[in-house]
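S.K.: Contents of work.pdb (PDB, C-alpha atoms) are given next:
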```pdb
ATOM      1  CA  MET A   1     -96.979  52.589  32.974
ATOM      2  CA  GLU A   2     -99.127  51.333  30.126
ATOM      3  CA  PHE A   3    -101.531  53.757  28.476
ATOM      4  CA  SER A   4    -103.220  51.310  26.106
ATOM      5  CA  THR A   5    -104.325  47.696  25.997
ATOM      6  CA  HIS A   6    -102.089  45.671  23.700
ATOM      7  CA  VAL A   7    -103.508  43.044  21.390
ATOM      8  CA  THR A   8    -101.765  39.685  21.503
ATOM      9  CA  ILE A   9    -101.167  38.447  17.974
ATOM     10  CA  SER A  10    -101.223  34.669  17.756
ATOM     11  CA  GLU A  11     -98.407  32.882  15.955
ATOM     12  CA  SER A  12     -99.427  31.762  12.482
ATOM     13  CA  THR A  13     -98.443  28.473  10.886
ATOM     14  CA  PHE A  14     -97.096  30.383   7.869
ATOM     15  CA  ASP A  15     -95.466  33.718   7.125
ATOM     16  CA  PHE A  16     -94.837  36.047   4.184
ATOM     17  CA  SER A  17     -91.545  36.471   2.379
ATOM     18  CA  TYR A  18     -90.091  38.126  -0.703
ATOM     19  CA  GLN A  19     -90.269  34.746  -2.435
ATOM     20  CA  ASP A  20     -94.070  34.726  -2.148
ATOM     21  CA  GLU A  21     -96.485  35.924  -4.799
ATOM     22  CA  ILE A  22     -99.296  37.636  -2.926
ATOM     23  CA  MET A  23    -102.846  38.516  -3.913
ATOM     24  CA  LEU A  24    -104.988  40.810  -1.763
ATOM     25  CA  MET A  25    -108.752  41.191  -2.106
ATOM     26  CA  GLY A  26    -111.461  43.002  -0.196
ATOM     27  CA  SER A  27    -112.142  46.354   1.394
ATOM     28  CA  CYS A  28    -110.070  49.507   1.208
ATOM     29  CA  PHE A  29    -107.986  48.174   4.112
ATOM     30  CA  ALA A  30    -106.705  45.517   1.684
ATOM     31  CA  GLU A  31    -105.682  48.434  -0.530
ATOM     32  CA  ASN A  32    -103.781  50.053   2.342
ATOM     33  CA  ILE A  33    -101.773  46.939   3.198
ATOM     34  CA  GLY A  34    -101.399  46.041  -0.479
ATOM     35  CA  THR A  35     -99.944  49.478  -1.202
ATOM     36  CA  LYS A  36     -97.495  49.065   1.681
ATOM     37  CA  LEU A  37     -96.418  45.640   0.393
ATOM     38  CA  ASN A  38     -96.042  47.008  -3.131
ATOM     39  CA  ASP A  39     -93.948  49.948  -1.916
ATOM     40  CA  ALA A  40     -91.813  47.444  -0.012
ATOM     41  CA  LYS A  41     -91.236  45.634  -3.338
ATOM     42  CA  PHE A  42     -93.163  42.466  -2.591
ATOM     43  CA  THR A  43     -94.802  40.747  -5.577
ATOM     44  CA  VAL A  44     -98.464  41.672  -5.173
ATOM     45  CA  ASP A  45    -101.738  41.808  -7.062
ATOM     46  CA  VAL A  46    -104.189  44.082  -5.243
ATOM     47  CA  ASN A  47    -107.954  43.970  -5.765
ATOM     48  CA  PRO A  48    -108.284  42.798  -9.391
ATOM     49  CA  PHE A  49    -112.014  43.671  -9.243
ATOM     50  CA  GLY A  50    -111.478  46.868  -7.283
ATOM     51  CA  ILE A  51    -112.508  47.480  -3.688
ATOM     52  CA  LEU A  52    -115.032  44.904  -2.434
ATOM     53  CA  TYR A  53    -116.738  45.024   0.933
ATOM     54  CA  ASN A  54    -118.840  41.940   1.579
ATOM     55  CA  PRO A  55    -117.877  38.228   1.665
ATOM     56  CA  ALA A  56    -120.307  37.242  -1.109
ATOM     57  CA  SER A  57    -118.793  39.706  -3.592
ATOM     58  CA  VAL A  58    -115.227  38.709  -2.724
ATOM     59  CA  ALA A  59    -116.222  35.057  -3.132
ATOM     60  CA  LEU A  60    -117.771  35.740  -6.553
ATOM     61  CA  SER A  61    -114.594  37.492  -7.663
ATOM     62  CA  LEU A  62    -112.441  34.554  -6.614
ATOM     63  CA  LYS A  63    -114.750  32.126  -8.418
ATOM     64  CA  THR A  64    -114.441  34.254 -11.555
ATOM     65  CA  LEU A  65    -110.648  34.190 -11.304
ATOM     66  CA  LEU A  66    -110.707  30.405 -10.898
ATOM     67  CA  HIS A  67    -112.951  30.006 -13.959
ATOM     68  CA  PRO A  68    -112.362  33.164 -16.033
ATOM     69  CA  ALA A  69    -114.895  34.023 -18.714
ATOM     70  CA  GLN A  70    -114.718  37.131 -20.849
ATOM     71  CA  PHE A  71    -116.992  40.034 -19.941
ATOM     72  CA  SER A  72    -118.955  41.592 -22.792
ATOM     73  CA  SER A  73    -121.158  44.641 -23.184
ATOM     74  CA  ASP A  74    -124.105  42.418 -22.202
ATOM     75  CA  ASP A  75    -122.582  42.173 -18.705
ATOM     76  CA  LEU A  76    -122.558  45.964 -18.307
ATOM     77  CA  PHE A  77    -125.174  48.655 -17.784
ATOM     78  CA  GLU A  78    -125.204  52.374 -18.448
ATOM     79  CA  HIS A  79    -125.827  54.983 -15.771
ATOM     80  CA  GLU A  80    -125.134  58.717 -15.945
ATOM     81  CA  GLY A  81    -122.999  58.429 -19.054
ATOM     82  CA  LEU A  82    -120.767  55.578 -17.872
ATOM     83  CA  PHE A  83    -120.875  51.824 -18.363
ATOM     84  CA  HIS A  84    -120.523  49.778 -15.174
ATOM     85  CA  SER A  85    -120.234  46.181 -14.004
ATOM     86  CA  PHE A  86    -122.118  45.034 -10.921
ATOM     87  CA  ALA A  87    -119.153  42.746 -10.199
ATOM     88  CA  HIS A  88    -116.567  45.545 -10.219
ATOM     89  CA  HIS A  89    -115.610  48.775  -8.531
ATOM     90  CA  SER A  90    -116.190  52.016 -10.443
ATOM     91  CA  ARG A  91    -112.481  52.200 -11.353
ATOM     92  CA  PHE A  92    -113.427  49.825 -14.189
ATOM     93  CA  SER A  93    -116.275  52.040 -15.429
ATOM     94  CA  SER A  94    -115.855  53.893 -18.735
ATOM     95  CA  PRO A  95    -117.822  56.056 -21.205
ATOM     96  CA  SER A  96    -118.036  53.163 -23.679
ATOM     97  CA  PRO A  97    -118.894  49.478 -23.067
ATOM     98  CA  GLU A  98    -115.908  48.386 -25.176
ATOM     99  CA  GLU A  99    -113.470  50.380 -23.070
ATOM    100  CA  SER A 100    -114.959  49.118 -19.810
ATOM    101  CA  SER A 101    -115.032  45.446 -20.851
ATOM    102  CA  ASP A 102    -111.494  45.737 -22.222
ATOM    103  CA  LYS A 103    -110.197  47.031 -18.870
ATOM    104  CA  ILE A 104    -112.061  44.270 -17.040
ATOM    105  CA  ASN A 105    -110.855  41.471 -19.318
ATOM    106  CA  ARG A 106    -107.222  42.568 -19.420
ATOM    107  CA  ARG A 107    -107.075  42.629 -15.634
ATOM    108  CA  LEU A 108    -109.011  39.367 -15.390
ATOM    109  CA  ALA A 109    -106.496  37.519 -17.566
ATOM    110  CA  VAL A 110    -103.504  38.788 -15.594
ATOM    111  CA  SER A 111    -105.022  38.161 -12.155
ATOM    112  CA  ALA A 112    -106.371  34.692 -13.020
ATOM    113  CA  ALA A 113    -102.807  33.705 -13.910
ATOM    114  CA  ASN A 114    -101.501  35.352 -10.728
ATOM    115  CA  LEU A 115    -103.987  33.487  -8.526
ATOM    116  CA  SER A 116    -102.985  30.139 -10.038
ATOM    117  CA  LYS A 117     -99.415  30.633  -8.799
ATOM    118  CA  ALA A 118     -99.989  32.769  -5.685
ATOM    119  CA  SER A 119     -98.585  31.340  -2.467
ATOM    120  CA  ARG A 120    -100.388  33.833  -0.219
ATOM    121  CA  LEU A 121    -103.909  35.260  -0.401
ATOM    122  CA  VAL A 122    -105.017  38.081   1.911
ATOM    123  CA  ILE A 123    -108.793  38.541   2.286
ATOM    124  CA  THR A 124    -110.255  41.573   4.074
ATOM    125  CA  PHE A 125    -113.967  41.616   4.867
ATOM    126  CA  GLY A 126    -115.547  45.005   5.490
ATOM    127  CA  THR A 127    -119.239  44.355   6.139
ATOM    128  CA  ALA A 128    -121.685  41.466   6.308
ATOM    129  CA  PHE A 129    -124.369  43.584   4.628
ATOM    130  CA  VAL A 130    -125.141  43.012   0.957
ATOM    131  CA  TYR A 131    -127.321  44.691  -1.651
ATOM    132  CA  ARG A 132    -129.446  42.519  -3.973
ATOM    133  CA  LEU A 133    -130.774  43.830  -7.239
ATOM    134  CA  LYS A 134    -134.562  43.523  -7.000
ATOM    135  CA  SER A 135    -134.979  42.657 -10.666
ATOM    136  CA  THR A 136    -132.671  39.607 -10.546
ATOM    137  CA  GLY A 137    -131.839  38.838  -6.900
ATOM    138  CA  GLN A 138    -128.151  39.254  -7.755
ATOM    139  CA  ILE A 139    -125.824  40.425  -4.967
ATOM    140  CA  VAL A 140    -123.893  43.383  -6.350
ATOM    141  CA  SER A 141    -120.352  44.373  -5.484
ATOM    142  CA  ASN A 142    -121.093  48.030  -6.118
ATOM    143  CA  CYS A 143    -124.379  49.911  -6.521
ATOM    144  CA  HIS A 144    -122.717  52.586  -8.685
ATOM    145  CA  LYS A 145    -124.995  55.278  -7.231
ATOM    146  CA  LEU A 146    -128.171  53.729  -8.636
ATOM    147  CA  PRO A 147    -131.377  54.582  -6.727
ATOM    148  CA  GLU A 148    -131.643  52.694  -3.443
ATOM    149  CA  LYS A 149    -135.169  51.567  -4.332
ATOM    150  CA  MET A 150    -133.631  49.194  -6.899
ATOM    151  CA  PHE A 151    -132.052  47.035  -4.175
ATOM    152  CA  PHE A 152    -132.913  44.845  -1.228
ATOM    153  CA  ARG A 153    -130.489  45.186   1.673
ATOM    154  CA  GLU A 154    -129.788  42.244   3.988
ATOM    155  CA  ILE A 155    -127.142  40.914   6.329
ATOM    156  CA  LEU A 156    -125.450  37.595   5.653
ATOM    157  CA  SER A 157    -125.318  35.035   8.448
ATOM    158  CA  ALA A 158    -122.030  33.619   9.691
ATOM    159  CA  GLU A 159    -123.276  30.169   8.656
ATOM    160  CA  ALA A 160    -123.968  31.301   5.093
ATOM    161  CA  ILE A 161    -120.512  32.875   4.806
ATOM    162  CA  LEU A 162    -118.875  29.744   6.204
ATOM    163  CA  THR A 163    -120.735  27.450   3.800
ATOM    164  CA  GLU A 164    -119.915  29.497   0.709
ATOM    165  CA  TRP A 165    -116.255  29.970   1.567
ATOM    166  CA  ASN A 166    -115.743  26.360   2.570
ATOM    167  CA  THR A 167    -116.866  25.258  -0.900
ATOM    168  CA  LEU A 168    -114.804  28.016  -2.516
ATOM    169  CA  PHE A 169    -111.604  27.015  -0.721
ATOM    170  CA  LEU A 170    -111.953  23.413  -1.846
ATOM    171  CA  SER A 171    -112.090  24.667  -5.456
ATOM    172  CA  LEU A 172    -109.175  27.038  -4.878
ATOM    173  CA  TRP A 173    -106.946  24.359  -3.348
ATOM    174  CA  GLU A 174    -107.801  21.984  -6.155
ATOM    175  CA  GLN A 175    -106.223  24.443  -8.595
ATOM    176  CA  ASN A 176    -103.544  25.839  -6.288
ATOM    177  CA  PRO A 177    -102.883  23.457  -3.376
ATOM    178  CA  ASP A 178    -100.008  25.547  -1.990
ATOM    179  CA  VAL A 179    -101.793  28.842  -1.398
ATOM    180  CA  LYS A 180    -102.264  29.941   2.230
ATOM    181  CA  ILE A 181    -104.939  32.449   3.226
ATOM    182  CA  LEU A 182    -104.700  35.262   5.739
ATOM    183  CA  PHE A 183    -107.983  36.855   6.800
ATOM    184  CA  THR A 184    -108.447  40.308   8.274
ATOM    185  CA  VAL A 185    -111.581  42.226   9.196
ATOM    186  CA  SER A 186    -111.458  45.864   8.206
ATOM    187  CA  PRO A 187    -111.290  48.334  11.114
ATOM    188  CA  ILE A 188    -113.227  50.872   9.043
ATOM    189  CA  ARG A 189    -116.672  51.431  10.542
ATOM    190  CA  HIS A 190    -119.728  51.432   8.272
ATOM    191  CA  TRP A 191    -121.499  54.185  10.159
ATOM    192  CA  ARG A 192    -124.547  54.366   7.929
ATOM    193  CA  ASP A 193    -125.492  51.022   9.483
ATOM    194  CA  GLY A 194    -125.594  52.646  12.903
ATOM    195  CA  ALA A 195    -123.277  51.902  15.818
ATOM    196  CA  HIS A 196    -125.031  48.762  17.026
ATOM    197  CA  THR A 197    -125.723  47.291  13.586
ATOM    198  CA  ASN A 198    -122.130  47.934  12.520
ATOM    199  CA  GLN A 199    -120.964  45.903  15.506
ATOM    200  CA  LEU A 200    -123.345  43.073  14.614
ATOM    201  CA  SER A 201    -121.931  43.114  11.094
ATOM    202  CA  LYS A 202    -118.320  42.975  12.291
ATOM    203  CA  ALA A 203    -119.181  40.238  14.795
ATOM    204  CA  THR A 204    -120.734  38.166  11.994
ATOM    205  CA  LEU A 205    -117.564  38.469   9.951
ATOM    206  CA  LEU A 206    -115.368  37.568  12.921
ATOM    207  CA  LEU A 207    -117.451  34.479  13.697
ATOM    208  CA  ALA A 208    -117.292  33.277  10.092
ATOM    209  CA  VAL A 209    -113.537  33.821   9.811
ATOM    210  CA  ASP A 210    -112.922  32.112  13.136
ATOM    211  CA  ALA A 211    -114.902  29.053  12.023
ATOM    212  CA  LEU A 212    -112.905  28.837   8.779
ATOM    213  CA  GLN A 213    -109.613  29.202  10.616
ATOM    214  CA  ARG A 214    -110.544  26.472  13.084
ATOM    215  CA  LYS A 215    -111.501  24.152  10.228
ATOM    216  CA  TYR A 216    -108.258  24.714   8.285
ATOM    217  CA  PRO A 217    -105.675  25.827  10.889
ATOM    218  CA  GLU A 218    -102.673  24.926   8.717
ATOM    219  CA  ARG A 219    -103.932  26.815   5.691
ATOM    220  CA  ILE A 220    -105.823  29.798   7.111
ATOM    221  CA  GLY A 221    -104.514  32.493   9.444
ATOM    222  CA  TYR A 222    -105.961  35.654  10.965
ATOM    223  CA  PHE A 223    -104.398  39.062  11.514
ATOM    224  CA  PRO A 224    -106.267  41.219  14.088
ATOM    225  CA  ALA A 225    -106.301  44.582  12.298
ATOM    226  CA  TYR A 226    -109.810  45.257  13.608
ATOM    227  CA  GLU A 227    -108.850  44.488  17.207
ATOM    228  CA  ILE A 228    -105.692  46.605  17.048
ATOM    229  CA  MET A 229    -107.710  49.591  15.856
ATOM    230  CA  MET A 230    -110.484  49.108  18.415
ATOM    231  CA  ASP A 231    -108.248  48.514  21.441
ATOM    232  CA  GLU A 232    -104.695  49.729  20.965
ATOM    233  CA  LEU A 233    -105.675  52.729  18.819
ATOM    234  CA  ARG A 234    -109.041  53.568  20.340
ATOM    235  CA  ASP A 235    -108.251  57.299  20.628
ATOM    236  CA  TYR A 236    -109.811  59.534  17.943
ATOM    237  CA  ARG A 237    -106.392  60.966  17.089
ATOM    238  CA  PHE A 238    -105.834  57.704  15.200
ATOM    239  CA  TYR A 239    -108.785  58.352  12.889
ATOM    240  CA  ALA A 240    -109.038  60.387   9.703
ATOM    241  CA  ASP A 241    -111.164  63.522   9.550
ATOM    242  CA  ASP A 242    -114.364  61.508   9.041
ATOM    243  CA  MET A 243    -113.757  59.742  12.399
ATOM    244  CA  LEU A 244    -114.413  56.403  10.653
ATOM    245  CA  HIS A 245    -111.304  55.534   8.638
ATOM    246  CA  PRO A 246    -107.881  54.923  10.214
ATOM    247  CA  SER A 247    -105.473  57.829   9.929
ATOM    248  CA  SER A 248    -102.151  57.487   8.122
ATOM    249  CA  VAL A 249    -100.485  57.069  11.534
ATOM    250  CA  ALA A 250    -102.853  54.209  12.417
ATOM    251  CA  ILE A 251    -102.265  52.506   9.066
ATOM    252  CA  GLU A 252     -98.517  52.789   9.593
ATOM    253  CA  TYR A 253     -98.815  51.302  13.091
ATOM    254  CA  ILE A 254    -100.917  48.358  11.881
ATOM    255  CA  TRP A 255     -98.436  47.858   9.020
ATOM    256  CA  GLU A 256     -95.587  47.703  11.536
ATOM    257  CA  CYS A 257     -97.532  45.085  13.535
ATOM    258  CA  PHE A 258     -98.039  43.123  10.332
ATOM    259  CA  THR A 259     -94.352  43.195   9.407
ATOM    260  CA  ARG A 260     -93.270  42.111  12.903
ATOM    261  CA  HIS A 261     -95.668  39.190  13.169
ATOM    262  CA  CYS A 262     -96.336  38.080   9.592
ATOM    263  CA  LEU A 263     -93.062  38.560   7.686
ATOM    264  CA  ALA A 264     -90.363  35.912   7.693
ATOM    265  CA  ARG A 265     -87.281  36.977   9.667
ATOM    266  CA  GLU A 266     -85.050  37.234   6.592
ATOM    267  CA  SER A 267     -87.648  39.358   4.805
ATOM    268  CA  GLN A 268     -87.853  41.682   7.809
ATOM    269  CA  VAL A 269     -84.109  42.248   7.488
ATOM    270  CA  VAL A 270     -84.398  42.933   3.755
ATOM    271  CA  LEU A 271     -87.348  45.267   4.314
ATOM    272  CA  LYS A 272     -85.313  47.256   6.822
ATOM    273  CA  GLU A 273     -82.452  47.513   4.315
ATOM    274  CA  TRP A 274     -84.843  48.678   1.611
ATOM    275  CA  GLN A 275     -86.402  51.283   3.905
ATOM    276  CA  GLU A 276     -82.907  52.632   4.603
ATOM    277  CA  ILE A 277     -82.261  52.842   0.849
ATOM    278  CA  GLN A 278     -85.570  54.673   0.331
ATOM    279  CA  LYS A 279     -84.665  57.108   3.106
ATOM    280  CA  ALA A 280     -81.258  57.695   1.522
ATOM    281  CA  MET A 281     -82.810  58.307  -1.890
ATOM    282  CA  ASN A 282     -85.194  60.881  -0.417
ATOM    283  CA  HIS A 283     -82.352  62.668   1.370
ATOM    284  CA  ARG A 284     -81.688  66.202   0.101
ATOM    285  CA  PRO A 285     -78.053  67.199   0.661
ATOM    286  CA  PHE A 286     -76.882  70.713   1.473
ATOM    287  CA  GLN A 287     -73.859  70.147  -0.768
ATOM    288  CA  PRO A 288     -74.975  67.876  -3.660
ATOM    289  CA  GLN A 289     -71.578  68.168  -5.429
ATOM    290  CA  SER A 290     -69.481  67.253  -2.398
ATOM    291  CA  LYS A 291     -67.208  64.226  -2.140
ATOM    292  CA  GLY A 292     -69.145  63.049   0.908
ATOM    293  CA  TYR A 293     -72.439  62.985  -0.983
ATOM    294  CA  ARG A 294     -70.801  61.139  -3.894
ATOM    295  CA  GLN A 295     -69.662  58.465  -1.465
ATOM    296  CA  PHE A 296     -73.122  58.385   0.147
ATOM    297  CA  ILE A 297     -74.790  57.764  -3.240
ATOM    298  CA  SER A 298     -72.239  55.109  -4.189
ATOM    299  CA  GLN A 299     -72.861  53.210  -0.949
ATOM    300  CA  THR A 300     -76.624  53.438  -1.451
ATOM    301  CA  LEU A 301     -76.285  52.151  -5.021
ATOM    302  CA  LEU A 302     -74.170  49.235  -3.813
ATOM    303  CA  LYS A 303     -76.819  48.259  -1.253
ATOM    304  CA  ALA A 304     -79.578  48.452  -3.892
ATOM    305  CA  GLU A 305     -77.604  46.268  -6.322
ATOM    306  CA  GLN A 306     -76.951  43.704  -3.578
ATOM    307  CA  ILE A 307     -80.661  43.402  -2.791
ATOM    308  CA  SER A 308     -81.502  43.143  -6.504
ATOM    309  CA  ARG A 309     -79.029  40.281  -6.980
ATOM    310  CA  LYS A 310     -80.252  38.492  -3.854
ATOM    311  CA  PHE A 311     -83.919  38.734  -4.815
ATOM    312  CA  PRO A 312     -84.474  38.788  -8.619
ATOM    313  CA  SER A 313     -88.185  39.518  -8.056
ATOM    314  CA  PHE A 314     -87.240  42.688  -6.164
ATOM    315  CA  ASP A 315     -88.086  45.179  -8.919
ATOM    316  CA  ILE A 316     -85.905  48.209  -8.273
ATOM    317  CA  VAL A 317     -84.553  48.743 -11.790
ATOM    318  CA  LYS A 318     -85.811  52.353 -11.878
ATOM    319  CA  GLU A 319     -84.337  53.120  -8.475
ATOM    320  CA  ILE A 320     -80.936  51.694  -9.459
ATOM    321  CA  GLU A 321     -80.959  53.709 -12.692
ATOM    322  CA  LEU A 322     -81.792  56.854 -10.729
ATOM    323  CA  LEU A 323     -78.946  56.223  -8.288
ATOM    324  CA  ARG A 324     -76.516  55.613 -11.132
ATOM    325  CA  SER A 325     -77.659  58.812 -12.794
ATOM    326  CA  LYS A 326     -77.091  60.734  -9.575
ATOM    327  CA  ALA A 327     -73.623  59.196  -9.167
ATOM    328  CA  ASP A 328     -72.671  60.097 -12.762
ATOM    329  CA  ASN A 329     -73.790  63.710 -12.373
ATOM    330  CA  ILE A 330     -71.954  64.495  -9.138
TER     331      ILE A 330
END
```
With the file now loaded, output its structure as structure tokens.
M.R.:
Amino acid sequence: MEFSTHVTISESTFDFSYQDEIMLMGSCFAENIGTKLNDAKFTVDVNPFGILYNPASVALSLKTLLHPAQFSSDDLFEHEGLFHSFAHHSRFSSPSPEESSDKINRRLAVSAANLSKASRLVITFGTAFVYRLKSTGQIVSNCHKLPEKMFFREILSAEAILTEWNTLFLSLWEQNPDVKILFTVSPIRHWRDGAHTNQLSKATLLLAVDALQRKYPERIGYFPAYEIMMDELRDYRFYADDMLHPSSVAIEYIWECFTRHCLARESQVVLKEWQEIQKAMNHRPFQPQSKGYRQFISQTLLKAEQISRKFPSFDIVKEIELLRSKADNI
């Protein structure tokens, strides 16, 4: 018997491997998958502007990475004792404009270089709604808790998203012709929009992404995180306490779907080996001085060294040092 409806995940024209350099941008779901990839020792750069929710803000961030220009104190504003950027998440905010702009510019330089050589780009849209600053008409990435009366709120059309991103991709591929893009739509519901309006927002994003994928089928893929959450994991036990965000179990399930369908076969094998090493390192023996545990640690160290030699980008220097330390102290 089947107790859920399973989402069929279409085969993509490209996959992800440990040889790829990956950048992820967008909503907090991009953070979830990015954290999983980072823990699995993939080469990743996650949200260089912080968490972004709408397609216009993600597009602006990519344009800035393609044509980086230094941020100064003139690009910031002060609110409640902190200096903020309308283009960035509050993780870049600081008590002084110099500190904030320094954090922004250091990350900008690193991520602009990373984008120029990235082979995979993961974009997660969260909402089609945007906030425009009334004084300038600028779409902001974050309102930073400013009064709502300072902003106009509107929903982007699928056509507007398609037009902007089509132009953006042509610029991106001019600089980095090898990068492939995987889109997802965040399963996190924006409940302040209301149930119906949230669905309209998600539908707008899905229509725009589908149009882009159809236009560039060899270069753009889609992973159905939203559909998996809505259909396979529709029970509230798969939600966090707020009943809006996926629970840790749901995130793990979607991650497993991602690894099965989006990772290259060889990388799936390596990931499994690494997960076994992680499990072994977290193991707490009853007899830590025993001969059996010494052998267990030595075997784990050997496996870690083999992976490190096979994939030089697999950064497990600290883990290998820890294993060697354990072996020396038994």
S.K.: Pick out the residues sitting within 7 Å of segment 40-43 of chain A, and hand them over as a list in words; count only C-alpha atoms, and ignore anything fewer than 2 positions along from it in its own chain.
M.R.: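 Residues meeting the cut-off are Tyr18, Asp20, Glu21, Ile22, Lys36, Leu37, Asn38, Leu271, Phe314 and Asp315 of chain A.
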S.K.: Provide the atom CA of Ile316 of chain A to atom CA of Ser17 of chain A distance in Å, to one decimal place.
M.R.: 16.8 Å
S.K.: Using only C-alpha atoms, which residue out of A:Ala112, A:Leu206, A:Val179, A:Val58 lies closest to Asn142 of chain A?
M.R.: A:Val58
S.K.: Can you give me, as a PyMOL selection string, the residues this file yields under the PyMOL selection byres ((chain A and resi 276-287) around 8)?
M.R.: chain A and resi 272-275+288-290+293+300+303-304+323
S.K.: In the coordinate frame of the file, compute which residues have an atom within 12 Å of (-113.2, 48.2, 16.6) when using only C-alpha atoms, and state them as a ChimeraX atom specification.
M.R.: /A:7,126,185-190,195-196,198-203,206,224-236,239,244-246
S.K.: Quote the spacing between atom CA of Gly26 of chain A and atom CA of Ile123 of chain A in Å to one decimal place.
M.R.: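 The value is 5.8 Å.
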S.K.: What is the atom CA of Phe238 of chain A-atom CA of Glu31 of chain A distance in Å, reported with one decimal?
M.R.: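 Interatomic distance here is 18.3 Å.
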S.K.: For Ser10 of chain A, which residue out of A:His261, A:Ile297, A:Ser61, A:Asp193 is the nearest one, using all atoms listed in the file?
M.R.: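 Counting all atoms listed in the file, the residue closest to Ser10 of chain A is A:His261.
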S.K.: Find the residues around Lys145 of chain A up to 12 Å (all atoms listed in the file counted), leave out those fewer than 6 positions away in its own chain, and share them as a ChimeraX atom specification.
M.R.: /A:78-80,82,84,86,89-90,151
S.K.: Using only C-alpha atoms for the distances, tell me which of A:Arg237, A:Arg192, A:Lys103, A:Arg219 is nearest to Arg91 of chain A.
M.R.: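 Ranking A:Arg237, A:Arg192, A:Lys103, A:Arg219 by distance to Arg91 of chain A, first place goes to A:Lys103.
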S.K.: Give me the result of the PyMOL selection byres ((chain A and resi 111) around 12) on this file, residue by residue, as JSON, numbers by chain.
M.R.: {"A": [21, 22, 23, 24, 25, 44, 45, 46, 47, 48, 49, 50, 61, 62, 64, 65, 66, 67, 68, 104, 105, 106, 107, 108, 109, 110, 112, 113, 114, 115, 116, 117, 118]}
S.K.: Could you write out the selected residues, including C-alpha atoms, as a PDB file, keeping the file's coordinate frame?
M.R.:
```pdb
ATOM      1  CA  GLU A  21     -96.485  35.924  -4.799  1.00  0.00           C
ATOM      2  CA  ILE A  22     -99.296  37.636  -2.926  1.00  0.00           C
ATOM      3  CA  MET A  23    -102.846  38.516  -3.913  1.00  0.00           C
ATOM      4  CA  LEU A  24    -104.988  40.810  -1.763  1.00  0.00           C
ATOM      5  CA  MET A  25    -108.752  41.191  -2.106  1.00  0.00           C
ATOM      6  CA  VAL A  44     -98.464  41.672  -5.173  1.00  0.00           C
ATOM      7  CA  ASP A  45    -101.738  41.808  -7.062  1.00  0.00           C
ATOM      8  CA  VAL A  46    -104.189  44.082  -5.243  1.00  0.00           C
ATOM      9  CA  ASN A  47    -107.954  43.970  -5.765  1.00  0.00           C
ATOM     10  CA  PRO A  48    -108.284  42.798  -9.391  1.00  0.00           C
ATOM     11  CA  PHE A  49    -112.014  43.671  -9.243  1.00  0.00           C
ATOM     12  CA  GLY A  50    -111.478  46.868  -7.283  1.00  0.00           C
ATOM     13  CA  SER A  61    -114.594  37.492  -7.663  1.00  0.00           C
ATOM     14  CA  LEU A  62    -112.441  34.554  -6.614  1.00  0.00           C
ATOM     15  CA  THR A  64    -114.441  34.254 -11.555  1.00  0.00           C
ATOM     16  CA  LEU A  65    -110.648  34.190 -11.304  1.00  0.00           C
ATOM     17  CA  LEU A  66    -110.707  30.405 -10.898  1.00  0.00           C
ATOM     18  CA  HIS A  67    -112.951  30.006 -13.959  1.00  0.00           C
ATOM     19  CA  PRO A  68    -112.362  33.164 -16.033  1.00  0.00           C
ATOM     20  CA  ILE A 104    -112.061  44.270 -17.040  1.00  0.00           C
ATOM     21  CA  ASN A 105    -110.855  41.471 -19.318  1.00  0.00           C
ATOM     22  CA  ARG A 106    -107.222  42.568 -19.420  1.00  0.00           C
ATOM     23  CA  ARG A 107    -107.075  42.629 -15.634  1.00  0.00           C
ATOM     24  CA  LEU A 108    -109.011  39.367 -15.390  1.00  0.00           C
ATOM     25  CA  ALA A 109    -106.496  37.519 -17.566  1.00  0.00           C
ATOM     26  CA  VAL A 110    -103.504  38.788 -15.594  1.00  0.00           C
ATOM     27  CA  ALA A 112    -106.371  34.692 -13.020  1.00  0.00           C
ATOM     28  CA  ALA A 113    -102.807  33.705 -13.910  1.00  0.00           C
ATOM     29  CA  ASN A 114    -101.501  35.352 -10.728  1.00  0.00           C
ATOM     30  CA  LEU A 115    -103.987  33.487  -8.526  1.00  0.00           C
ATOM     31  CA  SER A 116    -102.985  30.139 -10.038  1.00  0.00           C
ATOM     32  CA  LYS A 117     -99.415  30.633  -8.799  1.00  0.00           C
ATOM     33  CA  ALA A 118     -99.989  32.769  -5.685  1.00  0.00           C
TER      34      ALA A 118
END
```
